[in-house]
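Coordinates as given in data32.txt (compact mmCIF, C-alpha atoms):
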```txt
# COMPACT_ATOMS: atom_id res chain seq x y z
CA MET A 1 -19.38 -53.62 133.12
CA ARG A 2 -17.00 -51.58 135.29
CA ALA A 3 -14.47 -49.21 133.71
CA VAL A 4 -11.77 -50.38 136.13
CA ASP A 5 -12.15 -53.95 134.86
CA LEU A 6 -11.66 -52.75 131.27
CA ILE A 7 -8.57 -50.78 132.31
CA LEU A 8 -7.10 -53.88 133.98
CA LYS A 9 -7.94 -56.02 130.97
CA LYS A 10 -6.04 -53.72 128.61
CA LYS A 11 -3.22 -53.28 131.15
CA ASN A 12 -2.77 -57.07 131.13
CA GLY A 13 -2.65 -57.15 127.33
CA GLU A 14 -5.92 -59.04 126.89
CA PRO A 15 -8.00 -58.30 123.74
CA MET A 16 -11.18 -56.33 124.32
CA THR A 17 -14.53 -57.12 122.73
CA THR A 18 -16.53 -54.66 120.62
CA GLN A 19 -19.14 -54.53 123.37
CA GLU A 20 -16.52 -53.60 125.98
CA ILE A 21 -15.06 -50.83 123.81
CA ASN A 22 -18.54 -49.47 123.07
CA CYS A 23 -19.34 -49.47 126.77
CA LEU A 24 -16.17 -47.55 127.62
CA VAL A 25 -16.54 -44.89 124.90
CA ASN A 26 -20.27 -44.39 125.50
CA GLY A 27 -19.71 -44.13 129.23
CA PHE A 28 -17.00 -41.52 128.72
CA VAL A 29 -19.14 -39.38 126.40
CA ASN A 30 -22.11 -39.64 128.79
CA ASN A 31 -19.93 -38.65 131.80
CA GLU A 32 -20.36 -42.06 133.43
CA VAL A 33 -16.64 -42.84 132.99
CA PRO A 34 -14.51 -40.05 134.52
CA ASP A 35 -11.50 -38.47 132.82
CA TYR A 36 -8.98 -40.22 135.05
CA GLN A 37 -10.27 -43.68 134.15
CA MET A 38 -10.28 -42.94 130.40
CA ALA A 39 -6.75 -41.51 130.73
CA ALA A 40 -5.63 -44.69 132.54
CA TRP A 41 -7.13 -46.87 129.79
CA MET A 42 -5.44 -44.83 127.04
CA MET A 43 -2.08 -45.13 128.84
CA ALA A 44 -2.62 -48.90 128.92
CA VAL A 45 -3.25 -48.78 125.15
CA CYS A 46 0.06 -46.91 124.72
CA PHE A 47 1.91 -49.77 126.39
CA GLN A 48 -0.09 -52.78 125.17
CA GLY A 49 -1.36 -51.57 121.80
CA MET A 50 -4.54 -52.74 120.07
CA ASP A 51 -5.10 -55.32 117.35
CA SER A 52 -6.91 -54.44 114.12
CA ALA A 53 -10.31 -55.62 115.38
CA GLU A 54 -10.01 -53.51 118.54
CA THR A 55 -8.85 -50.44 116.61
CA GLY A 56 -11.74 -50.82 114.17
CA ALA A 57 -14.22 -51.20 117.02
CA LEU A 58 -12.80 -48.11 118.77
CA THR A 59 -13.10 -46.08 115.55
CA GLU A 60 -16.73 -47.14 115.04
CA ALA A 61 -17.63 -46.38 118.66
CA MET A 62 -16.13 -42.90 118.28
CA ILE A 63 -18.05 -42.34 115.03
CA ARG A 64 -21.34 -43.27 116.70
CA SER A 65 -20.68 -40.89 119.61
CA GLY A 66 -22.13 -37.97 117.59
CA ALA A 67 -23.78 -36.95 114.34
CA GLN A 68 -22.68 -38.31 110.97
CA VAL A 69 -22.81 -36.42 107.69
CA ASP A 70 -24.78 -38.09 104.89
CA LEU A 71 -23.32 -37.05 101.53
CA SER A 72 -25.44 -39.46 99.47
CA ALA A 73 -27.47 -36.58 97.99
CA LEU A 74 -24.32 -35.30 96.27
CA PRO A 75 -23.34 -36.70 92.86
CA GLY A 76 -20.56 -39.20 92.26
CA VAL A 77 -18.05 -40.78 94.60
CA LYS A 78 -17.24 -38.37 97.42
CA VAL A 79 -13.48 -38.47 97.85
CA ASP A 80 -11.56 -36.83 100.72
CA LYS A 81 -7.90 -36.21 101.43
CA HIS A 82 -6.29 -35.91 104.85
CA SER A 83 -2.77 -34.99 105.95
CA THR A 84 -1.40 -36.04 109.33
CA GLY A 85 0.09 -32.54 109.66
CA GLY A 86 3.19 -30.84 108.37
CA VAL A 87 4.98 -27.59 107.56
CA GLY A 88 4.34 -25.68 104.33
CA ASP A 89 1.71 -28.27 103.42
CA THR A 90 -0.92 -26.47 101.34
CA THR A 91 -1.90 -29.46 99.20
CA THR A 92 -5.64 -29.34 100.01
CA LEU A 93 -6.01 -25.98 98.26
CA ILE A 94 -4.28 -27.44 95.19
CA VAL A 95 -5.61 -30.98 95.14
CA ALA A 96 -9.31 -30.29 95.82
CA PRO A 97 -9.74 -27.80 92.91
CA LEU A 98 -7.82 -30.03 90.50
CA VAL A 99 -9.89 -33.10 91.37
CA ALA A 100 -13.10 -31.08 91.05
CA ALA A 101 -11.92 -29.79 87.65
CA CYS A 102 -11.55 -33.43 86.56
CA GLY A 103 -15.15 -34.24 87.54
CA GLY A 104 -14.57 -35.28 91.15
CA THR A 105 -16.74 -34.40 94.16
CA VAL A 106 -14.75 -33.07 97.14
CA ALA A 107 -16.91 -32.31 100.17
CA LYS A 108 -14.34 -31.77 102.90
CA MET A 109 -14.46 -30.84 106.58
CA SER A 110 -11.15 -29.52 107.91
CA GLY A 111 -9.61 -28.30 111.13
CA ARG A 112 -7.42 -25.47 112.37
CA GLY A 113 -3.69 -25.48 112.99
CA LEU A 114 -2.07 -25.88 116.39
CA GLY A 115 1.62 -25.56 117.18
CA HIS A 116 4.03 -25.78 114.24
CA THR A 117 1.53 -27.32 111.78
CA GLY A 118 -0.88 -25.26 109.69
CA GLY A 119 -4.63 -25.74 109.36
CA THR A 120 -6.59 -25.56 106.11
CA LEU A 121 -9.33 -23.42 107.70
CA ASP A 122 -6.80 -20.81 108.82
CA LYS A 123 -5.36 -20.70 105.31
CA LEU A 124 -8.81 -20.23 103.78
CA GLU A 125 -9.63 -17.46 106.26
CA SER A 126 -6.55 -15.52 105.15
CA VAL A 127 -8.67 -14.62 102.10
CA PRO A 128 -10.74 -11.58 103.17
CA GLY A 129 -14.43 -12.33 103.51
CA VAL A 130 -14.21 -16.14 103.54
CA ASN A 131 -16.64 -17.74 105.99
CA ILE A 132 -16.08 -21.43 106.69
CA GLU A 133 -18.69 -21.63 109.48
CA ILE A 134 -21.62 -22.26 107.15
CA PRO A 135 -24.82 -24.31 107.54
CA ILE A 136 -24.61 -27.83 106.19
CA GLU A 137 -27.33 -26.96 103.63
CA ARG A 138 -25.12 -24.22 102.17
CA PHE A 139 -22.17 -26.63 102.16
CA PHE A 140 -24.19 -29.03 99.98
CA GLU A 141 -25.25 -26.19 97.66
CA ILE A 142 -21.65 -25.09 97.10
CA VAL A 143 -20.49 -28.67 96.37
CA LYS A 144 -23.32 -29.10 93.84
CA GLU A 145 -22.46 -25.75 92.21
CA THR A 146 -18.66 -26.07 92.10
CA GLY A 147 -17.74 -29.70 92.77
CA LEU A 148 -15.92 -28.83 95.98
CA CYS A 149 -16.23 -27.11 99.32
CA VAL A 150 -14.14 -26.99 102.48
CA MET A 151 -15.84 -26.03 105.74
CA GLY A 152 -15.25 -26.25 109.49
CA GLN A 153 -16.16 -29.44 111.32
CA THR A 154 -19.58 -29.40 112.93
CA GLU A 155 -19.59 -29.25 116.73
CA ASN A 156 -21.35 -32.60 117.18
CA LEU A 157 -19.05 -34.53 114.83
CA VAL A 158 -17.21 -37.26 116.80
CA PRO A 159 -17.45 -35.68 120.28
CA ALA A 160 -15.64 -38.71 121.73
CA ASP A 161 -12.55 -37.76 119.74
CA LYS A 162 -12.63 -34.14 120.95
CA ARG A 163 -12.74 -35.25 124.58
CA MET A 164 -10.23 -38.07 124.18
CA TYR A 165 -7.75 -35.86 122.32
CA ALA A 166 -7.94 -33.17 125.01
CA LEU A 167 -6.99 -35.85 127.55
CA ARG A 168 -4.25 -37.34 125.36
CA ASP A 169 -2.67 -33.92 124.98
CA VAL A 170 -2.11 -33.59 128.74
CA THR A 171 -1.43 -37.22 129.70
CA GLY A 172 1.40 -38.15 127.33
CA THR A 173 -0.72 -40.48 125.21
CA VAL A 174 -0.72 -38.59 121.90
CA SER A 175 1.79 -40.81 120.10
CA SER A 176 -0.09 -44.14 120.32
CA ILE A 177 -0.66 -45.40 116.77
CA PRO A 178 -4.10 -47.01 117.46
CA LEU A 179 -5.26 -43.78 119.14
CA ILE A 180 -3.92 -41.59 116.31
CA ALA A 181 -5.44 -43.84 113.64
CA SER A 182 -8.88 -44.02 115.28
CA SER A 183 -8.87 -40.24 115.84
CA VAL A 184 -8.09 -39.46 112.19
CA MET A 185 -10.34 -42.09 110.63
CA SER A 186 -13.36 -41.50 112.90
CA LYS A 187 -13.52 -37.87 111.72
CA LYS A 188 -12.99 -38.73 108.06
CA ILE A 189 -15.64 -41.47 108.09
CA ALA A 190 -18.17 -39.46 110.12
CA ALA A 191 -17.75 -36.62 107.60
CA GLY A 192 -19.28 -38.89 104.96
CA ALA A 193 -16.51 -39.60 102.44
CA ASP A 194 -16.84 -42.69 100.23
CA ALA A 195 -13.09 -42.82 99.59
CA ILE A 196 -10.13 -41.40 101.50
CA VAL A 197 -6.56 -40.57 100.48
CA LEU A 198 -4.24 -40.20 103.47
CA ASP A 199 -0.99 -38.22 103.34
CA VAL A 200 1.08 -39.67 106.19
CA LYS A 201 3.98 -37.35 106.97
CA MET A 202 7.31 -38.76 108.14
CA GLY A 203 10.29 -36.83 109.46
CA THR A 204 11.41 -34.04 111.78
CA GLY A 205 8.24 -31.99 111.26
CA ALA A 206 5.77 -34.87 111.70
CA PHE A 207 4.22 -37.07 114.41
CA MET A 208 5.91 -40.09 112.84
CA GLN A 209 9.67 -39.58 112.94
CA THR A 210 10.73 -42.86 111.31
CA LEU A 211 9.63 -44.81 108.25
CA PRO A 212 8.62 -47.97 110.22
CA GLU A 213 6.36 -45.84 112.45
CA ALA A 214 4.83 -44.09 109.42
CA ARG A 215 4.21 -47.43 107.69
CA GLU A 216 2.53 -48.85 110.79
CA LEU A 217 0.23 -45.81 111.09
CA ALA A 218 -0.55 -45.88 107.35
CA ARG A 219 -1.39 -49.60 107.37
CA THR A 220 -3.53 -49.21 110.49
CA MET A 221 -5.60 -46.42 108.92
CA VAL A 222 -5.99 -48.25 105.61
CA GLU A 223 -7.15 -51.33 107.53
CA ILE A 224 -9.72 -49.22 109.42
CA GLY A 225 -11.00 -47.90 106.09
CA ARG A 226 -11.34 -51.45 104.77
CA HIS A 227 -13.04 -52.51 108.02
CA VAL A 228 -15.83 -49.93 107.56
CA GLY A 229 -16.15 -50.25 103.77
CA ARG A 230 -14.30 -47.11 102.67
CA ARG A 231 -11.83 -47.21 99.80
CA THR A 232 -8.60 -45.95 101.40
CA VAL A 233 -5.03 -45.32 100.23
CA ALA A 234 -2.15 -43.96 102.31
CA ILE A 235 0.89 -42.19 100.85
CA ILE A 236 3.96 -41.71 103.05
CA THR A 237 5.65 -38.41 102.22
CA ASP A 238 8.70 -36.59 103.56
CA MET A 239 8.47 -33.94 106.27
CA ASN A 240 12.16 -33.45 107.02
CA GLN A 241 11.84 -30.11 105.24
CA PRO A 242 8.81 -27.92 104.44
CA LEU A 243 6.80 -29.29 101.53
CA GLY A 244 6.31 -25.87 99.95
CA MET A 245 8.61 -22.87 100.18
CA ALA A 246 6.00 -20.78 102.04
CA VAL A 247 5.14 -21.26 105.74
CA GLY A 248 2.24 -19.10 106.90
CA ASN A 249 -1.42 -18.87 105.99
CA GLY A 250 -1.69 -16.15 103.34
CA LEU A 251 1.78 -17.04 102.04
CA GLU A 252 0.73 -20.66 101.53
CA VAL A 253 -2.50 -19.67 99.76
CA ARG A 254 -0.40 -17.46 97.47
CA GLU A 255 1.84 -20.44 96.71
CA ALA A 256 -1.20 -22.63 95.96
CA ILE A 257 -2.50 -19.98 93.54
CA GLU A 258 0.93 -19.78 91.90
CA LEU A 259 1.00 -23.55 91.37
CA LEU A 260 -2.53 -23.60 89.94
CA SER A 261 -1.50 -20.68 87.71
CA GLY A 262 1.34 -22.71 86.21
CA LYS A 263 4.12 -20.75 87.90
CA ILE A 264 5.56 -23.71 89.84
CA PRO A 265 7.04 -26.34 87.53
CA ALA A 266 6.84 -30.12 87.50
CA GLY A 267 9.63 -31.57 89.61
CA ASP A 268 8.99 -29.18 92.49
CA PRO A 269 8.16 -31.20 95.66
CA LEU A 270 4.86 -29.40 96.26
CA TYR A 271 3.85 -30.00 92.63
CA GLU A 272 4.82 -33.69 92.67
CA VAL A 273 3.17 -34.56 96.00
CA SER A 274 0.01 -32.63 95.07
CA LEU A 275 -0.36 -34.43 91.75
CA LEU A 276 0.28 -37.82 93.35
CA LEU A 277 -2.42 -37.21 95.97
CA ALA A 278 -4.84 -35.93 93.32
CA SER A 279 -4.08 -38.92 91.07
CA GLN A 280 -4.97 -41.32 93.87
CA MET A 281 -8.21 -39.41 94.50
CA LEU A 282 -9.20 -39.74 90.83
CA LEU A 283 -8.40 -43.47 90.90
CA LEU A 284 -10.51 -44.07 94.02
CA ALA A 285 -13.36 -42.03 92.52
CA GLY A 286 -13.29 -44.13 89.33
CA LEU A 287 -12.42 -41.08 87.22
CA ALA A 288 -9.21 -42.57 85.82
CA ALA A 289 -8.25 -46.11 84.87
CA ASP A 290 -4.61 -45.78 85.92
CA GLU A 291 -2.05 -43.27 87.14
CA THR A 292 -1.05 -42.31 83.59
CA GLU A 293 -4.60 -41.27 82.72
CA ALA A 294 -5.05 -39.53 86.08
CA HIS A 295 -1.85 -37.54 85.63
CA ALA A 296 -2.83 -36.55 82.09
CA LYS A 297 -6.25 -35.27 83.26
CA LEU A 298 -4.69 -33.30 86.11
CA SER A 299 -2.03 -31.80 83.83
CA CYS A 300 -4.81 -30.66 81.50
CA ALA A 301 -6.72 -29.09 84.41
CA LEU A 302 -3.57 -27.22 85.37
CA GLU A 303 -2.63 -26.03 81.89
CA SER A 304 -6.16 -24.95 80.97
CA GLY A 305 -6.67 -23.01 84.23
CA ALA A 306 -9.69 -25.17 85.13
CA GLY A 307 -8.22 -26.00 88.55
CA LEU A 308 -7.62 -22.33 89.33
CA ASN A 309 -11.16 -21.50 88.25
CA LYS A 310 -12.52 -24.11 90.68
CA LEU A 311 -10.58 -22.51 93.54
CA ARG A 312 -11.93 -19.09 92.52
CA ALA A 313 -15.49 -20.43 92.43
CA MET A 314 -15.22 -21.98 95.89
CA LEU A 315 -13.71 -18.84 97.44
CA ALA A 316 -16.46 -16.70 95.89
CA ALA A 317 -19.16 -19.06 97.19
CA LEU A 318 -17.67 -18.77 100.69
CA GLY A 319 -17.82 -14.96 100.47
CA GLY A 320 -14.13 -14.44 99.71
CA ASP A 321 -12.56 -11.55 97.81
CA VAL A 322 -11.42 -13.29 94.63
CA ARG A 323 -9.15 -10.43 93.63
CA CYS A 324 -6.50 -12.51 95.39
CA ILE A 325 -6.56 -14.96 92.47
CA GLU A 326 -5.15 -12.29 90.15
CA GLU A 327 -3.21 -10.43 92.86
CA PRO A 328 -2.10 -13.05 95.42
CA ASP A 329 0.37 -10.63 97.01
CA LEU A 330 -2.69 -8.99 98.62
CA LEU A 331 -2.79 -11.97 100.98
CA CYS A 332 0.63 -11.32 102.51
CA THR A 333 1.01 -7.55 102.74
CA VAL A 334 3.11 -6.88 105.85
CA ARG A 335 4.98 -3.98 107.46
CA GLU A 336 8.39 -5.54 107.16
CA LYS A 337 10.26 -8.26 105.29
CA ILE A 338 13.62 -9.34 106.71
CA PRO A 339 16.09 -11.60 104.87
CA VAL A 340 17.81 -14.29 106.93
CA THR A 341 21.41 -15.25 106.13
CA LEU A 342 23.57 -17.94 107.74
CA GLY A 343 26.95 -16.20 107.66
CA ARG A 344 28.57 -19.40 106.41
CA SER A 345 28.67 -21.36 103.17
CA GLY A 346 27.94 -24.94 102.22
CA TYR A 347 25.33 -27.42 101.04
CA ILE A 348 22.17 -27.81 103.12
CA SER A 349 22.51 -31.40 104.29
CA ALA A 350 19.60 -31.41 106.75
CA MET A 351 16.58 -29.33 107.77
CA ARG A 352 14.50 -29.58 110.94
CA ALA A 353 11.04 -28.82 109.65
CA GLU A 354 9.45 -28.47 113.08
CA GLN A 355 11.82 -25.62 114.01
CA ILE A 356 11.02 -23.84 110.75
CA GLY A 357 7.32 -24.17 111.55
CA VAL A 358 7.85 -22.84 115.08
CA ALA A 359 9.79 -19.87 113.66
CA ALA A 360 6.73 -18.95 111.57
CA GLN A 361 4.51 -19.51 114.62
CA LEU A 362 6.61 -17.03 116.64
CA LEU A 363 5.94 -14.38 113.98
CA GLY A 364 2.19 -14.86 114.50
CA ALA A 365 1.39 -17.47 111.82
CA GLY A 366 0.40 -20.20 114.28
CA ARG A 367 -1.08 -20.90 117.70
CA ALA A 368 0.40 -22.17 120.94
CA THR A 369 -3.14 -22.71 122.32
CA LYS A 370 -6.50 -23.02 120.55
CA ALA A 371 -7.53 -19.59 121.88
CA ASP A 372 -4.61 -17.74 120.28
CA ARG A 373 -5.26 -15.37 117.38
CA ILE A 374 -3.16 -15.60 114.27
CA ASP A 375 -2.02 -12.98 111.79
CA PRO A 376 -2.96 -14.36 108.34
CA ALA A 377 -0.34 -12.35 106.42
CA VAL A 378 2.83 -13.25 108.33
CA GLY A 379 5.23 -16.18 108.17
CA LEU A 380 8.33 -16.96 106.15
CA VAL A 381 9.38 -17.97 102.67
CA MET A 382 12.31 -20.33 102.19
CA HIS A 383 14.66 -19.64 99.27
CA LYS A 384 16.65 -22.86 99.58
CA ARG A 385 15.85 -26.54 99.84
CA GLN A 386 17.81 -29.47 101.18
CA GLY A 387 20.75 -30.27 98.90
CA MET A 388 21.15 -26.70 97.61
CA TYR A 389 24.33 -24.62 98.01
CA VAL A 390 24.24 -21.48 100.18
CA ALA A 391 26.82 -18.69 100.02
CA GLY A 392 27.54 -16.93 103.30
CA ASP A 393 25.77 -13.67 102.44
CA GLU A 394 22.93 -15.29 100.50
CA PRO A 395 19.45 -15.22 102.11
CA VAL A 396 18.07 -18.67 102.91
CA ALA A 397 14.65 -17.24 103.80
CA THR A 398 12.66 -14.04 104.22
CA LEU A 399 10.58 -13.30 107.32
CA TYR A 400 7.21 -11.62 106.71
CA MET A 401 6.07 -9.82 109.86
CA ASN A 402 3.92 -7.09 111.34
CA ASP A 403 5.24 -7.31 114.91
CA PRO A 404 9.05 -7.41 115.30
CA ALA A 405 8.92 -8.64 118.91
CA TYR A 406 10.03 -12.18 118.06
CA ALA A 407 11.99 -11.47 114.87
CA GLU A 408 15.42 -12.20 116.38
CA GLU A 409 14.22 -15.40 118.06
CA ALA A 410 12.53 -16.60 114.86
CA ALA A 411 15.62 -15.88 112.76
CA ALA A 412 17.88 -17.68 115.26
CA LEU A 413 15.55 -20.69 115.30
CA LEU A 414 15.51 -20.78 111.51
CA ARG A 415 19.32 -20.66 111.32
CA SER A 416 19.66 -23.47 113.84
CA ALA A 417 17.23 -25.60 111.79
CA LEU A 418 19.70 -25.85 108.89
CA THR A 419 22.80 -28.04 108.80
CA LEU A 420 25.50 -27.32 106.21
CA SER A 421 28.12 -29.66 104.78
CA LYS A 422 31.05 -29.24 102.40
CA GLU A 423 29.81 -31.88 99.98
CA THR A 424 26.51 -32.36 98.17
CA PRO A 425 24.25 -34.60 100.29
CA GLY A 426 22.54 -37.66 98.85
CA HIS A 427 19.11 -37.42 97.28
CA ALA A 428 16.22 -37.39 99.76
CA PRO A 429 12.93 -38.75 98.34
CA MET A 430 9.66 -36.86 98.81
CA VAL A 431 7.54 -40.03 98.59
CA TYR A 432 8.49 -43.19 100.49
CA ASP A 433 5.59 -45.56 99.94
CA VAL A 434 1.99 -45.98 98.73
CA ILE A 435 -0.12 -48.36 100.83
CA SER A 436 -3.51 -49.58 99.65
```
Can I see the file as structure tokens?
Amino acid sequence: MRAVDLILKKKNGEPMTTQEINCLVNGFVNNEVPDYQMAAWMMAVCFQGMDSAETGALTEAMIRSGAQVDLSALPGVKVDKHSTGGVGDTTTLIVAPLVAACGGTVAKMSGRGLGHTGGTLDKLESVPGVNIEIPIERFFEIVKETGLCVMGQTENLVPADKRMYALRDVTGTVSSIPLIASSVMSKKIAAGADAIVLDVKMGTGAFMQTLPEARELARTMVEIGRHVGRRTVAIITDMNQPLGMAVGNGLEVREAIELLSGKIPAGDPLYEVSLLLASQMLLLAGLAADETEAHAKLSCALESGAGLNKLRAMLAALGGDVRCIEEPDLLCTVREKIPVTLGRSGYISAMRAEQIGVAAQLLGAGRATKADRIDPAVGLVMHKRQGMYVAGDEPVATLYMNDPAYAEEAAALLRSALTLSKETPGHAPMVYDVIS
């Protein structure tokens, strides 16, 4: 079976068989199909798309390209949560401890941030001493001891995805929904979860810029989950503004600790999205009969401090300095804090979340390439959300920085990310849909 024939078949819009997709993926991983042919096939996918059977077959072929994690030795239903990437999105460090405090088992493999989006591993490593590169045996021990653990992905997990994504990044094929869906779901399934809750971001700071695109991606991933026998739910949430007020690794961990400590009230977007994700995880794990019961259990875990204690236990097991639980400001000690004002007054009618994320990246909170080093303490904290009124001399944000080299550029980018109007804008929802 020649790769060129498979490229032509997809180029002509003909459906591919499972055998053909397996042949292509296996050949690519084994260096029998060169990069240029795989890139040509993926470009054909961008134009012609894939049906649900093809997307499922592609996902399974990618899963089989490397090792798979067997979590069956761990108790209960293993439930995972994945975000498609956003700004100020620290929900994993809130949701995982709360679910564990309610009796759930969260054995999660996460990645690092690149560009304007943050990575859970980088956030964890902002806690001094934390080591996320642990043996799989230690990962299992921590989950059995605490109910949760987050670690780095193993090197041989879905190697097809690593190679395909590197090609997509340089060939203009990143935005294909079948390729995005198979990339996300192959990693989640290979990591061993029984049930998966997907947070699909939609807006100016996300891959999916429109609601129809986000719905298509969400439905595609839920269908893949059904195809391989995993209970899967997708929640479409807003990313036209940062989810939390903090953007930066240590700053976001501090905000997660504040929420788990009861210092961020119900009604706050980070609070509401976190509890919705956690509720869906409890439902999929069979730990609640309905959303009312799930919400009540999670509220109890928050009010009693059980969720915060689970985060403390996981950080300690990973070697982290848990003084940060009582003194979270230790995570974001910087040389200089600079307030940013707009010099004009009005209601914030729009935010461009990607620009806000890039502003934090310029200060050292993110990477332009995978080899870049980050400063865990730096970033920015927003003081205003969309819909709020801003007086001309009132700070809309504070920059946290150790190196002032890009301070002016970051502040200018932040200012340009905000649009003001004379009248109060309409309400913007944080949650658009739940797809199961």
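The interatomic distance for the pair CA of Ala317 (chain A) and CA of Leu148 (chain A) works out to 10.4 Å.
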What's the 12 Å shell around Ser52 (chain A), counting all atoms listed in the file, without same-chain residues fewer than 2 positions away, as a VMD selection string? chain A and resid 15 to 18 49 to 50 54 to 59 177 to 179 181 to 182 216 to 217 219 to 228
Residues from last step as file, C-alpha atoms, as a tab-separated table (two decimals), in the coordinates of the input:
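Below is the file that was written, part_37.tsv:
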```
chain	number	residue	atom	x	y	z
A	15	PRO	CA	-8.00	-58.30	123.74
A	16	MET	CA	-11.18	-56.33	124.32
A	17	THR	CA	-14.53	-57.12	122.73
A	18	THR	CA	-16.53	-54.66	120.62
A	49	GLY	CA	-1.36	-51.57	121.80
A	50	MET	CA	-4.54	-52.74	120.07
A	54	GLU	CA	-10.01	-53.51	118.54
A	55	THR	CA	-8.85	-50.44	116.61
A	56	GLY	CA	-11.74	-50.82	114.17
A	57	ALA	CA	-14.22	-51.20	117.02
A	58	LEU	CA	-12.80	-48.11	118.77
A	59	THR	CA	-13.10	-46.08	115.55
A	177	ILE	CA	-0.66	-45.40	116.77
A	178	PRO	CA	-4.10	-47.01	117.46
A	179	LEU	CA	-5.26	-43.78	119.14
A	181	ALA	CA	-5.44	-43.84	113.64
A	182	SER	CA	-8.88	-44.02	115.28
A	216	GLU	CA	2.53	-48.85	110.79
A	217	LEU	CA	0.23	-45.81	111.09
A	219	ARG	CA	-1.39	-49.60	107.37
A	220	THR	CA	-3.53	-49.21	110.49
A	221	MET	CA	-5.60	-46.42	108.92
A	222	VAL	CA	-5.99	-48.25	105.61
A	223	GLU	CA	-7.15	-51.33	107.53
A	224	ILE	CA	-9.72	-49.22	109.42
A	225	GLY	CA	-11.00	-47.90	106.09
A	226	ARG	CA	-11.34	-51.45	104.77
A	227	HIS	CA	-13.04	-52.51	108.02
A	228	VAL	CA	-15.83	-49.93	107.56
```
Give as a ChimeraX atom specification the set of residues within 10 Å of the point (-10.0, -20.2, 87.3), where distances use the file's coordinates and all atoms listed in the file. /A:97,101,257,260-261,301-302,304-313,325-326
Given only C-alpha atoms, how would the per-residue table for region 139-230 of chain A near region 91-94 of chain A read, listing every residue at most 12 Å away with its closest atom pair and distance in Å to one decimal, sorted by chain and number, as a Markdown table?
```
| residue | atom | partner | partner_atom | distance |
| --- | --- | --- | --- | --- |
| A:Leu148 | CA | A:Leu93 | CA | 10.6 |
| A:Cys149 | CA | A:Leu93 | CA | 10.3 |
| A:Val150 | CA | A:Thr92 | CA | 9.2 |
| A:Val197 | CA | A:Thr92 | CA | 11.3 |
| A:Leu198 | CA | A:Thr92 | CA | 11.5 |
| A:Asp199 | CA | A:Thr91 | CA | 9.7 |
```
Could I get the residues of region 104-172 of chain A with an atom no further than 10 Å from an atom of region 376-382 of chain A, each paired with its nearest atom pair and that distance in Å to one decimal, using only C-alpha atoms, sorted by chain and residue number, as a tab-separated table?
```
residue	atom	partner	partner_atom	distance
A:Asp122	CA	A:Pro376	CA	7.5
A:Lys123	CA	A:Pro376	CA	7.4
A:Leu124	CA	A:Pro376	CA	9.5
A:Glu125	CA	A:Pro376	CA	7.6
A:Ser126	CA	A:Pro376	CA	4.9
A:Val127	CA	A:Pro376	CA	8.5
A:Pro128	CA	A:Pro376	CA	9.7
```
My list of candidates is A:Ser349, A:Asn131, A:Ser83, A:Thr204. Which is closest to Gln386 (chain A) when distances are computed with all atoms listed in the file? A:Ser349
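For the choices A:Ala61, A:Ala411, A:Cys102, A:Met388, the atom-to-atom distance to Ala296 (chain A) is smallest for A:Cys102 when using all atoms listed in the file.
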A:Lys81, A:Arg367, A:Arg344, A:Lys162 ranked by distance to Gln280 (chain A), top pick (using only C-alpha atoms): A:Lys81
For Ala39 (chain A), which of A:Met164, A:Arg352, A:Val79, A:Arg138 is the closest residue, counting all atoms listed in the file?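 Counting all atoms listed in the file, the residue closest to Ala39 (chain A) is A:Met164.
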Dump C-alpha atoms of region 48-63 of chain A from the given block, as an mmCIF file, in the first residue's frame.
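Writing done, so here's part-v9.cif:
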```
data_model
loop_
_atom_site.group_PDB
_atom_site.id
_atom_site.type_symbol
_atom_site.label_atom_id
_atom_site.label_comp_id
_atom_site.auth_asym_id
_atom_site.auth_seq_id
_atom_site.Cartn_x
_atom_site.Cartn_y
_atom_site.Cartn_z
ATOM 1 C CA GLN A 48 -11.481 17.233 2.717
ATOM 2 C CA GLY A 49 -12.046 16.472 6.395
ATOM 3 C CA MET A 50 -12.627 13.019 7.886
ATOM 4 C CA ASP A 51 -15.826 11.237 8.865
ATOM 5 C CA SER A 52 -16.331 9.852 12.374
ATOM 6 C CA ALA A 53 -15.135 6.349 11.465
ATOM 7 C CA GLU A 54 -11.921 7.710 9.932
ATOM 8 C CA THR A 55 -11.262 10.020 12.887
ATOM 9 C CA GLY A 56 -11.811 7.151 15.316
ATOM 10 C CA ALA A 57 -9.479 4.903 13.327
ATOM 11 C CA LEU A 58 -6.811 7.634 13.224
ATOM 12 C CA THR A 59 -7.070 8.109 16.999
ATOM 13 C CA GLU A 60 -6.708 4.375 17.655
ATOM 14 C CA ALA A 61 -3.738 4.084 15.292
ATOM 15 C CA MET A 62 -2.030 6.961 17.126
ATOM 16 C CA ILE A 63 -2.740 5.333 20.503
#
```
